[in-house]
Each structure stands twice: as C-alpha cells, then as structure tokens.
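Q: What follows is run10.pdb, PDB, C-alpha atoms and all ligand atoms.
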ATOM      1  CA  MET H   1       0.000   0.000   0.000  1.00  0.00           C
ATOM      2  CA  ALA H   2       1.318   3.476  -0.930  1.00  0.00           C
ATOM      3  CA  SER H   3       1.624   6.040   1.845  1.00  0.00           C
ATOM      4  CA  GLY H   4       2.214   9.785   2.033  1.00  0.00           C
ATOM      5  CA  LYS H   5       0.741  12.591   0.017  1.00  0.00           C
ATOM      6  CA  ILE H   6      -0.532  11.947  -3.473  1.00  0.00           C
ATOM      7  CA  ILE H   7      -1.791  13.886  -6.500  1.00  0.00           C
ATOM      8  CA  ILE H   8      -5.421  13.321  -7.445  1.00  0.00           C
ATOM      9  CA  ALA H   9      -6.231  14.301 -11.042  1.00  0.00           C
ATOM     10  CA  ILE H  10      -9.909  14.846 -11.824  1.00  0.00           C
ATOM     11  CA  ASP H  11     -10.814  15.270 -15.494  1.00  0.00           C
ATOM     12  CA  GLY H  12     -14.035  15.283 -17.444  1.00  0.00           C
ATOM     13  CA  TYR H  13     -16.471  17.222 -19.611  1.00  0.00           C
ATOM     14  CA  SER H  14     -17.813  20.671 -18.699  1.00  0.00           C
ATOM     15  CA  SER H  15     -20.117  20.932 -15.677  1.00  0.00           C
ATOM     16  CA  THR H  16     -19.755  17.343 -14.540  1.00  0.00           C
ATOM     17  CA  GLY H  17     -19.258  18.685 -11.007  1.00  0.00           C
ATOM     18  CA  LYS H  18     -15.471  18.246 -11.051  1.00  0.00           C
ATOM     19  CA  SER H  19     -14.715  21.445  -9.155  1.00  0.00           C
ATOM     20  CA  SER H  20     -17.301  20.890  -6.413  1.00  0.00           C
ATOM     21  CA  PHE H  21     -16.107  17.321  -5.913  1.00  0.00           C
ATOM     22  CA  ALA H  22     -12.412  18.277  -6.070  1.00  0.00           C
ATOM     23  CA  LYS H  23     -12.952  21.004  -3.445  1.00  0.00           C
ATOM     24  CA  ILE H  24     -14.693  18.554  -1.090  1.00  0.00           C
ATOM     25  CA  VAL H  25     -11.924  15.989  -1.562  1.00  0.00           C
ATOM     26  CA  ALA H  26      -9.144  18.535  -0.981  1.00  0.00           C
ATOM     27  CA  LYS H  27     -10.823  19.874   2.142  1.00  0.00           C
ATOM     28  CA  GLY H  28     -11.513  16.396   3.507  1.00  0.00           C
ATOM     29  CA  LEU H  29      -7.892  15.338   3.020  1.00  0.00           C
ATOM     30  CA  GLY H  30      -6.302  18.659   4.023  1.00  0.00           C
ATOM     31  CA  TYR H  31      -4.878  18.960   0.489  1.00  0.00           C
ATOM     32  CA  ILE H  32      -4.528  21.955  -1.825  1.00  0.00           C
ATOM     33  CA  TYR H  33      -7.247  22.379  -4.442  1.00  0.00           C
ATOM     34  CA  ALA H  34      -6.418  23.775  -7.878  1.00  0.00           C
ATOM     35  CA  ASP H  35      -8.920  24.648 -10.605  1.00  0.00           C
ATOM     36  CA  SER H  36      -6.954  24.487 -13.860  1.00  0.00           C
ATOM     37  CA  GLY H  37      -9.931  25.801 -15.870  1.00  0.00           C
ATOM     38  CA  ALA H  38      -9.727  29.050 -13.900  1.00  0.00           C
ATOM     39  CA  LEU H  39      -6.300  29.693 -15.436  1.00  0.00           C
ATOM     40  CA  TYR H  40      -7.655  29.235 -18.979  1.00  0.00           C
ATOM     41  CA  ARG H  41     -10.575  31.477 -18.038  1.00  0.00           C
ATOM     42  CA  ALA H  42      -8.181  34.113 -16.657  1.00  0.00           C
ATOM     43  CA  VAL H  43      -6.157  34.083 -19.898  1.00  0.00           C
ATOM     44  CA  THR H  44      -9.416  34.417 -21.853  1.00  0.00           C
ATOM     45  CA  TYR H  45     -10.542  37.324 -19.692  1.00  0.00           C
ATOM     46  CA  PHE H  46      -7.141  38.978 -20.143  1.00  0.00           C
ATOM     47  CA  ALA H  47      -7.272  38.490 -23.921  1.00  0.00           C
ATOM     48  CA  TYR H  48     -10.833  39.759 -24.109  1.00  0.00           C
ATOM     49  CA  THR H  49     -10.355  42.880 -22.019  1.00  0.00           C
ATOM     50  CA  ASN H  50      -7.073  43.820 -23.695  1.00  0.00           C
ATOM     51  CA  GLY H  51      -8.270  43.696 -27.272  1.00  0.00           C
ATOM     52  CA  PHE H  52      -6.766  40.344 -28.322  1.00  0.00           C
ATOM     53  CA  ILE H  53     -10.193  38.950 -29.245  1.00  0.00           C
ATOM     54  CA  ASP H  54     -12.284  40.989 -31.685  1.00  0.00           C
ATOM     55  CA  GLU H  55     -16.113  41.139 -31.991  1.00  0.00           C
ATOM     56  CA  LYS H  56     -16.096  38.231 -34.442  1.00  0.00           C
ATOM     57  CA  GLY H  57     -14.155  36.093 -32.001  1.00  0.00           C
ATOM     58  CA  GLU H  58     -10.902  36.280 -33.970  1.00  0.00           C
ATOM     59  CA  ILE H  59      -7.883  35.916 -31.704  1.00  0.00           C
ATOM     60  CA  ASP H  60      -4.747  37.994 -32.288  1.00  0.00           C
ATOM     61  CA  LYS H  61      -2.418  35.111 -31.413  1.00  0.00           C
ATOM     62  CA  GLU H  62       0.788  36.802 -32.501  1.00  0.00           C
ATOM     63  CA  ASN H  63       0.432  39.721 -30.102  1.00  0.00           C
ATOM     64  CA  LEU H  64      -1.087  37.615 -27.339  1.00  0.00           C
ATOM     65  CA  ALA H  65       2.010  35.381 -27.465  1.00  0.00           C
ATOM     66  CA  LYS H  66       4.228  38.430 -26.954  1.00  0.00           C
ATOM     67  CA  VAL H  67       2.479  39.718 -23.810  1.00  0.00           C
ATOM     68  CA  LEU H  68       1.368  36.482 -22.135  1.00  0.00           C
ATOM     69  CA  PRO H  69       4.737  35.705 -20.480  1.00  0.00           C
ATOM     70  CA  LYS H  70       4.420  38.985 -18.548  1.00  0.00           C
ATOM     71  CA  VAL H  71       0.925  38.185 -17.269  1.00  0.00           C
ATOM     72  CA  GLU H  72       0.682  37.009 -13.686  1.00  0.00           C
ATOM     73  CA  ILE H  73      -2.177  34.726 -12.678  1.00  0.00           C
ATOM     74  CA  THR H  74      -2.354  33.575  -9.077  1.00  0.00           C
ATOM     75  CA  PHE H  75      -4.786  31.986  -6.647  1.00  0.00           C
ATOM     76  CA  ARG H  76      -5.466  33.732  -3.350  1.00  0.00           C
ATOM     77  CA  THR H  77      -7.583  32.548  -0.428  1.00  0.00           C
ATOM     78  CA  ASN H  78     -10.304  35.043   0.537  1.00  0.00           C
ATOM     79  CA  LYS H  79     -11.756  35.704   4.015  1.00  0.00           C
ATOM     80  CA  LYS H  80     -14.315  32.908   3.556  1.00  0.00           C
ATOM     81  CA  GLY H  81     -11.494  30.474   2.836  1.00  0.00           C
ATOM     82  CA  ASP H  82     -12.375  30.183  -0.882  1.00  0.00           C
ATOM     83  CA  SER H  83      -9.725  30.263  -3.559  1.00  0.00           C
ATOM     84  CA  VAL H  84     -10.049  33.291  -5.861  1.00  0.00           C
ATOM     85  CA  THR H  85      -8.300  33.891  -9.173  1.00  0.00           C
ATOM     86  CA  CYS H  86      -6.190  37.029  -9.528  1.00  0.00           C
ATOM     87  CA  LEU H  87      -4.848  38.669 -12.669  1.00  0.00           C
ATOM     88  CA  ASN H  88      -1.800  40.843 -12.100  1.00  0.00           C
ATOM     89  CA  GLY H  89      -2.817  41.077  -8.444  1.00  0.00           C
ATOM     90  CA  SER H  90      -6.522  41.962  -8.951  1.00  0.00           C
ATOM     91  CA  ASN H  91      -9.332  39.591  -7.995  1.00  0.00           C
ATOM     92  CA  ILE H  92     -11.110  38.633 -11.255  1.00  0.00           C
ATOM     93  CA  GLU H  93     -13.078  35.671  -9.897  1.00  0.00           C
ATOM     94  CA  LYS H  94     -16.508  37.156 -10.645  1.00  0.00           C
ATOM     95  CA  TYR H  95     -15.582  37.980 -14.255  1.00  0.00           C
ATOM     96  CA  ILE H  96     -14.219  34.614 -15.356  1.00  0.00           C
ATOM     97  CA  ARG H  97     -17.422  32.521 -15.014  1.00  0.00           C
ATOM     98  CA  THR H  98     -19.633  34.736 -17.204  1.00  0.00           C
ATOM     99  CA  SER H  99     -21.089  33.445 -20.454  1.00  0.00           C
ATOM    100  CA  THR H 100     -18.853  35.869 -22.394  1.00  0.00           C
ATOM    101  CA  VAL H 101     -15.747  34.147 -21.058  1.00  0.00           C
ATOM    102  CA  SER H 102     -17.336  30.668 -21.240  1.00  0.00           C
ATOM    103  CA  SER H 103     -18.140  31.132 -24.915  1.00  0.00           C
ATOM    104  CA  ARG H 104     -14.492  31.978 -25.801  1.00  0.00           C
ATOM    105  CA  VAL H 105     -12.445  29.916 -23.380  1.00  0.00           C
ATOM    106  CA  SER H 106     -12.226  26.739 -25.451  1.00  0.00           C
ATOM    107  CA  GLN H 107     -10.751  28.644 -28.429  1.00  0.00           C
ATOM    108  CA  ILE H 108      -8.134  30.179 -26.144  1.00  0.00           C
ATOM    109  CA  ALA H 109      -7.428  26.811 -24.477  1.00  0.00           C
ATOM    110  CA  GLU H 110      -6.685  25.126 -27.807  1.00  0.00           C
ATOM    111  CA  ILE H 111      -3.734  27.455 -28.523  1.00  0.00           C
ATOM    112  CA  PRO H 112      -0.513  25.497 -27.846  1.00  0.00           C
ATOM    113  CA  PHE H 113       1.472  28.436 -26.355  1.00  0.00           C
ATOM    114  CA  VAL H 114      -1.427  29.156 -23.956  1.00  0.00           C
ATOM    115  CA  ARG H 115      -1.396  25.516 -22.812  1.00  0.00           C
ATOM    116  CA  ASP H 116       2.387  25.621 -22.292  1.00  0.00           C
ATOM    117  CA  PHE H 117       2.032  28.838 -20.268  1.00  0.00           C
ATOM    118  CA  VAL H 118      -0.717  27.359 -18.051  1.00  0.00           C
ATOM    119  CA  ASN H 119       1.039  23.993 -17.647  1.00  0.00           C
ATOM    120  CA  VAL H 120       4.149  25.590 -16.133  1.00  0.00           C
ATOM    121  CA  MET H 121       1.974  27.088 -13.374  1.00  0.00           C
ATOM    122  CA  LEU H 122       0.000  23.882 -12.848  1.00  0.00           C
ATOM    123  CA  ARG H 123       3.078  21.674 -12.514  1.00  0.00           C
ATOM    124  CA  ARG H 124       4.600  24.073  -9.993  1.00  0.00           C
ATOM    125  CA  MET H 125       1.550  23.516  -7.767  1.00  0.00           C
ATOM    126  CA  GLY H 126       2.196  19.767  -7.735  1.00  0.00           C
ATOM    127  CA  GLN H 127       5.810  19.917  -6.586  1.00  0.00           C
ATOM    128  CA  ASP H 128       5.015  18.901  -2.995  1.00  0.00           C
ATOM    129  CA  LYS H 129       2.051  16.640  -3.886  1.00  0.00           C
ATOM    130  CA  GLY H 130      -0.939  16.840  -1.519  1.00  0.00           C
ATOM    131  CA  LEU H 131      -2.914  18.272  -4.445  1.00  0.00           C
ATOM    132  CA  VAL H 132      -6.340  17.764  -5.992  1.00  0.00           C
ATOM    133  CA  MET H 133      -6.528  19.353  -9.446  1.00  0.00           C
ATOM    134  CA  ASP H 134      -9.459  19.321 -11.839  1.00  0.00           C
ATOM    135  CA  GLY H 135      -9.488  19.985 -15.578  1.00  0.00           C
ATOM    136  CA  ARG H 136      -9.434  18.289 -18.967  1.00  0.00           C
ATOM    137  CA  ASP H 137      -5.903  16.957 -19.358  1.00  0.00           C
ATOM    138  CA  ILE H 138      -4.581  16.681 -15.809  1.00  0.00           C
ATOM    139  CA  GLY H 139      -4.261  12.889 -15.826  1.00  0.00           C
ATOM    140  CA  THR H 140      -3.105  12.705 -19.450  1.00  0.00           C
ATOM    141  CA  ALA H 141      -0.729  15.660 -19.883  1.00  0.00           C
ATOM    142  CA  VAL H 142      -0.161  17.766 -16.766  1.00  0.00           C
ATOM    143  CA  PHE H 143       0.436  14.957 -14.250  1.00  0.00           C
ATOM    144  CA  PRO H 144       0.582  11.703 -16.244  1.00  0.00           C
ATOM    145  CA  ASN H 145       2.128  10.081 -13.151  1.00  0.00           C
ATOM    146  CA  ALA H 146      -0.615  11.183 -10.744  1.00  0.00           C
ATOM    147  CA  GLU H 147      -1.246   8.428  -8.214  1.00  0.00           C
ATOM    148  CA  LEU H 148      -5.013   8.607  -8.704  1.00  0.00           C
ATOM    149  CA  LYS H 149      -6.934   9.661 -11.815  1.00  0.00           C
ATOM    150  CA  ILE H 150     -10.678  10.115 -11.955  1.00  0.00           C
ATOM    151  CA  PHE H 151     -12.688  10.748 -15.113  1.00  0.00           C
ATOM    152  CA  MET H 152     -16.075  12.291 -14.337  1.00  0.00           C
ATOM    153  CA  THR H 153     -19.142  12.042 -16.524  1.00  0.00           C
ATOM    154  CA  ALA H 154     -22.843  12.931 -16.278  1.00  0.00           C
ATOM    155  CA  SER H 155     -25.641  13.186 -18.811  1.00  0.00           C
ATOM    156  CA  ASP H 156     -25.864  16.332 -21.005  1.00  0.00           C
ATOM    157  CA  GLN H 157     -29.211  17.314 -19.487  1.00  0.00           C
ATOM    158  CA  VAL H 158     -27.971  16.985 -15.910  1.00  0.00           C
ATOM    159  CA  ARG H 159     -24.811  18.953 -16.684  1.00  0.00           C
ATOM    160  CA  ALA H 160     -26.668  21.761 -18.475  1.00  0.00           C
ATOM    161  CA  MET H 161     -29.203  22.022 -15.646  1.00  0.00           C
ATOM    162  CA  ARG H 162     -26.429  22.345 -13.053  1.00  0.00           C
ATOM    163  CA  ARG H 163     -24.733  25.100 -15.059  1.00  0.00           C
ATOM    164  CA  PHE H 164     -28.054  26.831 -15.789  1.00  0.00           C
ATOM    165  CA  LYS H 165     -28.912  26.971 -12.065  1.00  0.00           C
ATOM    166  CA  GLU H 166     -25.446  28.292 -11.225  1.00  0.00           C
ATOM    167  CA  LEU H 167     -25.839  31.100 -13.765  1.00  0.00           C
ATOM    168  CA  GLN H 168     -29.366  31.901 -12.577  1.00  0.00           C
ATOM    169  CA  GLU H 169     -28.112  32.251  -9.014  1.00  0.00           C
ATOM    170  CA  LYS H 170     -25.592  34.787 -10.281  1.00  0.00           C
ATOM    171  CA  GLY H 171     -28.386  36.701 -12.035  1.00  0.00           C
ATOM    172  CA  GLU H 172     -27.245  35.813 -15.584  1.00  0.00           C
ATOM    173  CA  LYS H 173     -30.022  35.740 -18.191  1.00  0.00           C
ATOM    174  CA  ASP H 174     -28.992  32.714 -20.296  1.00  0.00           C
ATOM    175  CA  THR H 175     -31.683  30.237 -21.384  1.00  0.00           C
ATOM    176  CA  PHE H 176     -31.375  26.511 -20.646  1.00  0.00           C
ATOM    177  CA  GLU H 177     -31.049  25.833 -24.393  1.00  0.00           C
ATOM    178  CA  SER H 178     -28.162  28.284 -24.811  1.00  0.00           C
ATOM    179  CA  VAL H 179     -26.364  26.771 -21.815  1.00  0.00           C
ATOM    180  CA  LEU H 180     -26.798  23.265 -23.258  1.00  0.00           C
ATOM    181  CA  GLU H 181     -25.549  24.460 -26.638  1.00  0.00           C
ATOM    182  CA  ASN H 182     -22.474  26.112 -25.090  1.00  0.00           C
ATOM    183  CA  LEU H 183     -21.680  22.924 -23.154  1.00  0.00           C
ATOM    184  CA  LYS H 184     -21.842  20.791 -26.277  1.00  0.00           C
ATOM    185  CA  GLN H 185     -19.707  23.243 -28.232  1.00  0.00           C
ATOM    186  CA  ARG H 186     -17.060  23.330 -25.513  1.00  0.00           C
ATOM    187  CA  ASP H 187     -17.055  19.537 -25.179  1.00  0.00           C
ATOM    188  CA  TYR H 188     -16.509  19.267 -28.920  1.00  0.00           C
ATOM    189  CA  ILE H 189     -13.665  21.777 -29.102  1.00  0.00           C
ATOM    190  CA  ASP H 190     -12.048  20.449 -25.892  1.00  0.00           C
ATOM    191  CA  SER H 191     -12.039  16.863 -27.146  1.00  0.00           C
ATOM    192  CA  HIS H 192     -11.003  17.603 -30.745  1.00  0.00           C
ATOM    193  CA  ARG H 193      -8.134  20.059 -30.309  1.00  0.00           C
ATOM    194  CA  GLU H 194      -4.679  19.017 -31.454  1.00  0.00           C
ATOM    195  CA  LYS H 195      -2.717  19.563 -28.244  1.00  0.00           C
ATOM    196  CA  ASP H 196      -3.752  17.548 -25.194  1.00  0.00           C
ATOM    197  CA  PRO H 197      -7.432  17.017 -26.038  1.00  0.00           C
ATOM    198  CA  LEU H 198      -9.910  15.963 -23.395  1.00  0.00           C
ATOM    199  CA  THR H 199      -9.805  12.197 -23.249  1.00  0.00           C
ATOM    200  CA  ARG H 200      -9.960   9.625 -20.520  1.00  0.00           C
ATOM    201  CA  ALA H 201      -6.505   8.494 -19.378  1.00  0.00           C
ATOM    202  CA  LYS H 202      -6.124   4.727 -19.755  1.00  0.00           C
ATOM    203  CA  ASP H 203      -5.599   4.344 -16.017  1.00  0.00           C
ATOM    204  CA  ALA H 204      -8.404   6.721 -14.945  1.00  0.00           C
ATOM    205  CA  ILE H 205     -11.392   5.418 -12.997  1.00  0.00           C
ATOM    206  CA  GLU H 206     -14.748   6.609 -14.318  1.00  0.00           C
ATOM    207  CA  LEU H 207     -17.298   8.257 -12.050  1.00  0.00           C
ATOM    208  CA  ASP H 208     -20.762   8.918 -13.492  1.00  0.00           C
ATOM    209  CA  ASN H 209     -22.395  11.191 -10.939  1.00  0.00           C
ATOM    210  CA  SER H 210     -25.682  11.857 -12.809  1.00  0.00           C
ATOM    211  CA  SER H 211     -27.676  10.643  -9.840  1.00  0.00           C
ATOM    212  CA  MET H 212     -25.198  10.812  -6.976  1.00  0.00           C
ATOM    213  CA  SER H 213     -25.068  13.163  -3.995  1.00  0.00           C
ATOM    214  CA  PHE H 214     -21.748  14.556  -2.719  1.00  0.00           C
ATOM    215  CA  ALA H 215     -21.925  12.059   0.158  1.00  0.00           C
ATOM    216  CA  ASP H 216     -22.293   9.205  -2.401  1.00  0.00           C
ATOM    217  CA  GLU H 217     -19.289  10.503  -4.329  1.00  0.00           C
ATOM    218  CA  VAL H 218     -17.150  10.695  -1.199  1.00  0.00           C
ATOM    219  CA  GLU H 219     -18.157   7.159  -0.205  1.00  0.00           C
ATOM    220  CA  TRP H 220     -17.258   5.948  -3.699  1.00  0.00           C
ATOM    221  CA  LEU H 221     -13.852   7.629  -3.449  1.00  0.00           C
ATOM    222  CA  ASN H 222     -13.085   6.378   0.048  1.00  0.00           C
ATOM    223  CA  ASN H 223     -13.636   2.836  -1.182  1.00  0.00           C
ATOM    224  CA  ILE H 224     -10.662   3.431  -3.486  1.00  0.00           C
ATOM    225  CA  LEU H 225      -8.518   5.653  -1.265  1.00  0.00           C
ATOM    226  CA  LEU H 226      -8.570   3.614   1.929  1.00  0.00           C
ATOM    227  CA  PRO H 227      -7.339   0.274   0.613  1.00  0.00           C
ATOM    228  CA  ASN H 228      -4.883   1.718  -1.907  1.00  0.00           C
ATOM    229  CA  PHE H 229      -3.454   4.806  -0.192  1.00  0.00           C
ATOM    230  CA  ASN H 230      -4.535   4.554   3.434  1.00  0.00           C
ATOM    231  CA  LEU H 231      -6.320   7.894   3.006  1.00  0.00           C
ATOM    232  CA  LYS H 232      -9.875   8.873   3.948  1.00  0.00           C
ATOM    233  CA  VAL H 233     -11.824  11.951   2.930  1.00  0.00           C
ATOM    234  CA  GLU H 234     -13.612  13.377   5.966  1.00  0.00           C
ATOM    235  CA  TYR H 235     -17.062  14.604   4.952  1.00  0.00           C
ATOM    236  CA  PRO H 236     -18.653  16.888   5.905  1.00  0.00           C
ATOM    237  CA  VAL H 237     -15.778  18.919   7.351  1.00  0.00           C
ATOM    238  CA  GLU H 238     -16.490  21.901   9.611  1.00  0.00           C
TER     239      GLU H 238
HETATM  240  O1  LIG H 301     -13.414  23.613 -16.069  1.00  0.00           O
HETATM  241  P1  LIG H 301     -13.862  24.876 -16.784  1.00  0.00           P
HETATM  242  O2  LIG H 301     -15.192  24.762 -17.462  1.00  0.00           O
HETATM  243  O3  LIG H 301     -13.771  26.088 -15.916  1.00  0.00           O
HETATM  244  O4  LIG H 301     -12.781  25.077 -17.948  1.00  0.00           O
HETATM  245  C1  LIG H 301     -12.872  26.136 -18.861  1.00  0.00           C
HETATM  246  C2  LIG H 301     -12.267  25.736 -20.183  1.00  0.00           C
HETATM  247  O5  LIG H 301     -10.859  25.599 -20.051  1.00  0.00           O
HETATM  248  C3  LIG H 301     -12.770  24.439 -20.780  1.00  0.00           C
HETATM  249  O6  LIG H 301     -13.785  24.648 -21.741  1.00  0.00           O
HETATM  250  C4  LIG H 301     -11.561  23.833 -21.443  1.00  0.00           C
HETATM  251  C5  LIG H 301     -10.383  24.521 -20.837  1.00  0.00           C
HETATM  252  N1  LIG H 301      -9.559  23.639 -20.002  1.00  0.00           N
HETATM  253  C6  LIG H 301      -8.591  22.910 -20.644  1.00  0.00           C
HETATM  254  O7  LIG H 301      -8.496  22.940 -21.865  1.00  0.00           O
HETATM  255  N2  LIG H 301      -7.747  22.153 -19.911  1.00  0.00           N
HETATM  256  C7  LIG H 301      -7.841  22.092 -18.571  1.00  0.00           C
HETATM  257  N3  LIG H 301      -6.986  21.351 -17.884  1.00  0.00           N
HETATM  258  C8  LIG H 301      -8.862  22.826 -17.913  1.00  0.00           C
HETATM  259  C9  LIG H 301      -9.713  23.577 -18.667  1.00  0.00           C
END
Would it be possible to restate this file's structure as structure tokens?

A:
Amino acid sequence: MASGKIIIAIDGYSSTGKSSFAKIVAKGLGYIYADSGALYRAVTYFAYTNGFIDEKGEIDKENLAKVLPKVEITFRTNKKGDSVTCLNGSNIEKYIRTSTVSSRVSQIAEIPFVRDFVNVMLRRMGQDKGLVMDGRDIGTAVFPNAELKIFMTASDQVRAMRRFKELQEKGEKDTFESVLENLKQRDYIDSHREKDPLTRAKDAIELDNSSMSFADEVEWLNNILLPNFNLKVEYPVE
C-alpha cells in the first residue's frame, strides 16, 4: 500500500461537477485544491479585455504570445477560505465565469502556447504533492504520473441544468437551451483540439455522478482511497 501525500487528477467534460467534488476531496484530506480551468478562463478574460479577441471572435495570437509571459495569474484565499483567481494582483473571480468568457475559453485553451504557459503554473503547484486538481488533461498531460486519476461524466441534461442553475443564481439571463448548446460546443472543441485534447486516461477510474449526492461521491472515493493509499476523505468537514 502506498503512503504519504498523493496527486489526485480529476478530469471530465464541462459541468460534470469536477470542481465541487475536487474542493470537497481537498478539504476532507487537508490537500490543496487547484482549478486548472480558472487559469484558462483568466487568460481568456485577459485576452478579451485587452483587445486580443475581436467582436467576431478572432484571436490575435501573434500579439497575445508576446504579452502572455508577462501576465501574472495567481490563486489567493479570501476571508471565507475560498480560492479566488487574480490577474496581475486583482481579484477577477466574478468575471471569469460569465457566459462571455465561457463562450471563448475553449478557443483560447486550444492554442498550444497558452497551454504551455498554463502547464508551467499547474506543474509548480504539484511539486510537494498533496494536491487535488481538476481539468481536462490533468491525468493525461499535466500529471501523467498522478497516483489517482478520476474521469467524471454525467448526462448532457444533468450537466446543463447544473450550469443553468449556477448562472441563474448569479443573475445571468442565459436560457437553458443556450447553456446546453455552449456545453456541447465546448465539449466538442475540448475533445477535438490538437494539443492535449480531453480524453480519458487509460488508467483513470470513471465516475458517473448523474444521480449521486456529494456524500455518495465521497463514499465511492473512500472505497478506493482507503485500501490503496490509506487515506480517507472526511465529509462533511467543519
Ligand atoms: O473547467 P472549466 O469549465 O472552468 O474550464 C474552462 C475551459 O478551459 C474548458 O472549456 C476547457 C479549458 N480547459 C482545458 O483545456 N484544460 C484544462 N486542464 C482545464 C480547462
């Protein structure tokens, strides 16, 4: 049986509940949580607000490549204990989950130099292990040697409904149909891009959470963690 800290890679399609699950797992193990999608969203927000994406959605890759190395994206913990994304020191968390960013992020994330830029930051976070990271290529490209890889799935309808409710709570006006359409588009681009497309790692364990509660998911995970790594996710944690 392995012992000590491990890296848990959680990949899957959009809105499969990866982030919520990854946060619970990290908290219950006392590990660091990292949302790799937030970095792609931050780059998209940067590109959008600095004129590197025009009204038609065309990306000025040449100039973006020149300035990106100087851009600083970091995670900070706020007073509530939540991780927030910062761009050059400013909290941009509330801007990166909007439908404007969601509708462009997959095109930004398919650019190879953007992926290289993000991957350097992601790998740095894994240096001391004790990390739960969610994304699309964590188990295949970022940490191919992660001790545990999970590939999450859920039906299209369930995923779109989760995302739709999230947006409604934030006061966004998107219709269910447009949310579903955006999900499908992102899934397509994410799984068909040339560099590190979304695909299940051969050694990843699949978790279909269409009709599972968080408690069910934790129980499912503990059945793997305890015998193999002598680890147990405490849930709920105060
Ligand atoms: O997890 P998310 O929906 O916040 O991710 C936003 C986008 O970022 C997603 O459409 C694809 C991209 N992404 C990626 O290409 N690779 C990752 N490891 C994480 C996200």

Q: Could you give me, as a PyMOL selection string, every polymer residue with an atom at most 9 Å away from an atom of ligand LIG 301 (chain H), counting all atoms listed in the file?

A: chain H and resi 11-15+18-19+35-41+96-97+101-110+115+118-119+122+133-138+141-142+183+185-187+189-191+193+196-198

Q: Show me the residues close to (-17.6, 4.5, -17.1) - anything with an atom within 8 Å, counting only C-alpha atoms - and format the list as a list of chain:residue names.

A: H:Thr153, H:Ile205, H:Glu206, H:Leu207, H:Asp208

Q: Within 12 Å of (-15.9, 20.3, 9.1), all atoms listed in the file: residues as a list in words?

A: Ile24, Lys27, Gly28, Leu29, Gly30, Val233, Glu234, Tyr235, Pro236, Val237 and Glu238 of chain H

Q: Atoms to include: C-alpha atoms. Write the selected residues as a compact mmCIF listing (two decimals), in the coordinates of the input.

A:
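So again.txt came out as:
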# COMPACT_ATOMS: atom_id res chain seq x y z
CA ILE H 24 -14.69 18.55 -1.09
CA LYS H 27 -10.82 19.87 2.14
CA GLY H 28 -11.51 16.40 3.51
CA LEU H 29 -7.89 15.34 3.02
CA GLY H 30 -6.30 18.66 4.02
CA VAL H 233 -11.82 11.95 2.93
CA GLU H 234 -13.61 13.38 5.97
CA TYR H 235 -17.06 14.60 4.95
CA PRO H 236 -18.65 16.89 5.90
CA VAL H 237 -15.78 18.92 7.35
CA GLU H 238 -16.49 21.90 9.61

Q: Using only C-alpha atoms, which residues sit within 9 Å of Asn88 of chain H once same-chain residues fewer than 3 positions away are excluded, as a list in words?

A: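 Selected residues are Val71, Glu72, Ile73, Thr74 and Asn91 of chain H.
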
Q: Report the residues retrieved by the PyMOL selection byres (((chain H and resi 123-128) around 9) and not hetatm) from the displayed file, expressed as a list in words.

A: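 Matching residues under the PyMOL selection byres (((chain H and resi 123-128) around 9) and not hetatm) are Lys5, Ile6, Ile7, Ile32, Ala34, Val118, Asn119, Val120, Met121, Leu122, Lys129, Gly130, Leu131, Val132, Met133, Val142 and Phe143 of chain H.
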
Q: Just give me the gap between atom CA of Asn223 of chain H and atom CA of Ile150 of chain H in Å, one decimal is fine.

A: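 These two atoms are separated by 13.3 Å.
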
Q: Please write out, as JSON, where the centre of an axis-aligned box around all listed atoms of segment 216-233 of chain H lies and how long its edges are, in Å to one decimal, after adding 5 Å on each side.

A:
{"center_x": -12.9, "center_y": 6.1, "center_z": -0.2, "size_x": 28.8, "size_y": 21.7, "size_z": 18.3}

Q: Which neighbours of Phe75 of chain H fall inside 6 Å, counting only C-alpha atoms, when residues of the same chain fewer than 2 positions from it are skipped, and could you give them as a list in words?

A: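 So, after excluding close chain neighbours, the residues are Val84, Thr85 and Cys86 of chain H.
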
Q: Would you write out those residues with C-alpha atoms, as a PDB file, keeping the file's coordinate frame?

A:
ATOM      1  CA  VAL H  84     -10.049  33.291  -5.861  1.00  0.00           C
ATOM      2  CA  THR H  85      -8.300  33.891  -9.173  1.00  0.00           C
ATOM      3  CA  CYS H  86      -6.190  37.029  -9.528  1.00  0.00           C
TER       4      CYS H  86
END

Q: Which polymer residues have any atom within 9 Å of an atom of Phe117 of chain H, counting all atoms listed in the file, with same-chain residues fewer than 5 positions away left out, as a PyMOL selection string?

A: chain H and resi 68-69+112

Q: Any chance you could export the current selection's C-alpha atoms as a compact mmCIF listing (two decimals), in the frame of the given file?

A:
# COMPACT_ATOMS: atom_id res chain seq x y z
CA LEU H 68 1.37 36.48 -22.14
CA PRO H 69 4.74 35.70 -20.48
CA PRO H 112 -0.51 25.50 -27.85
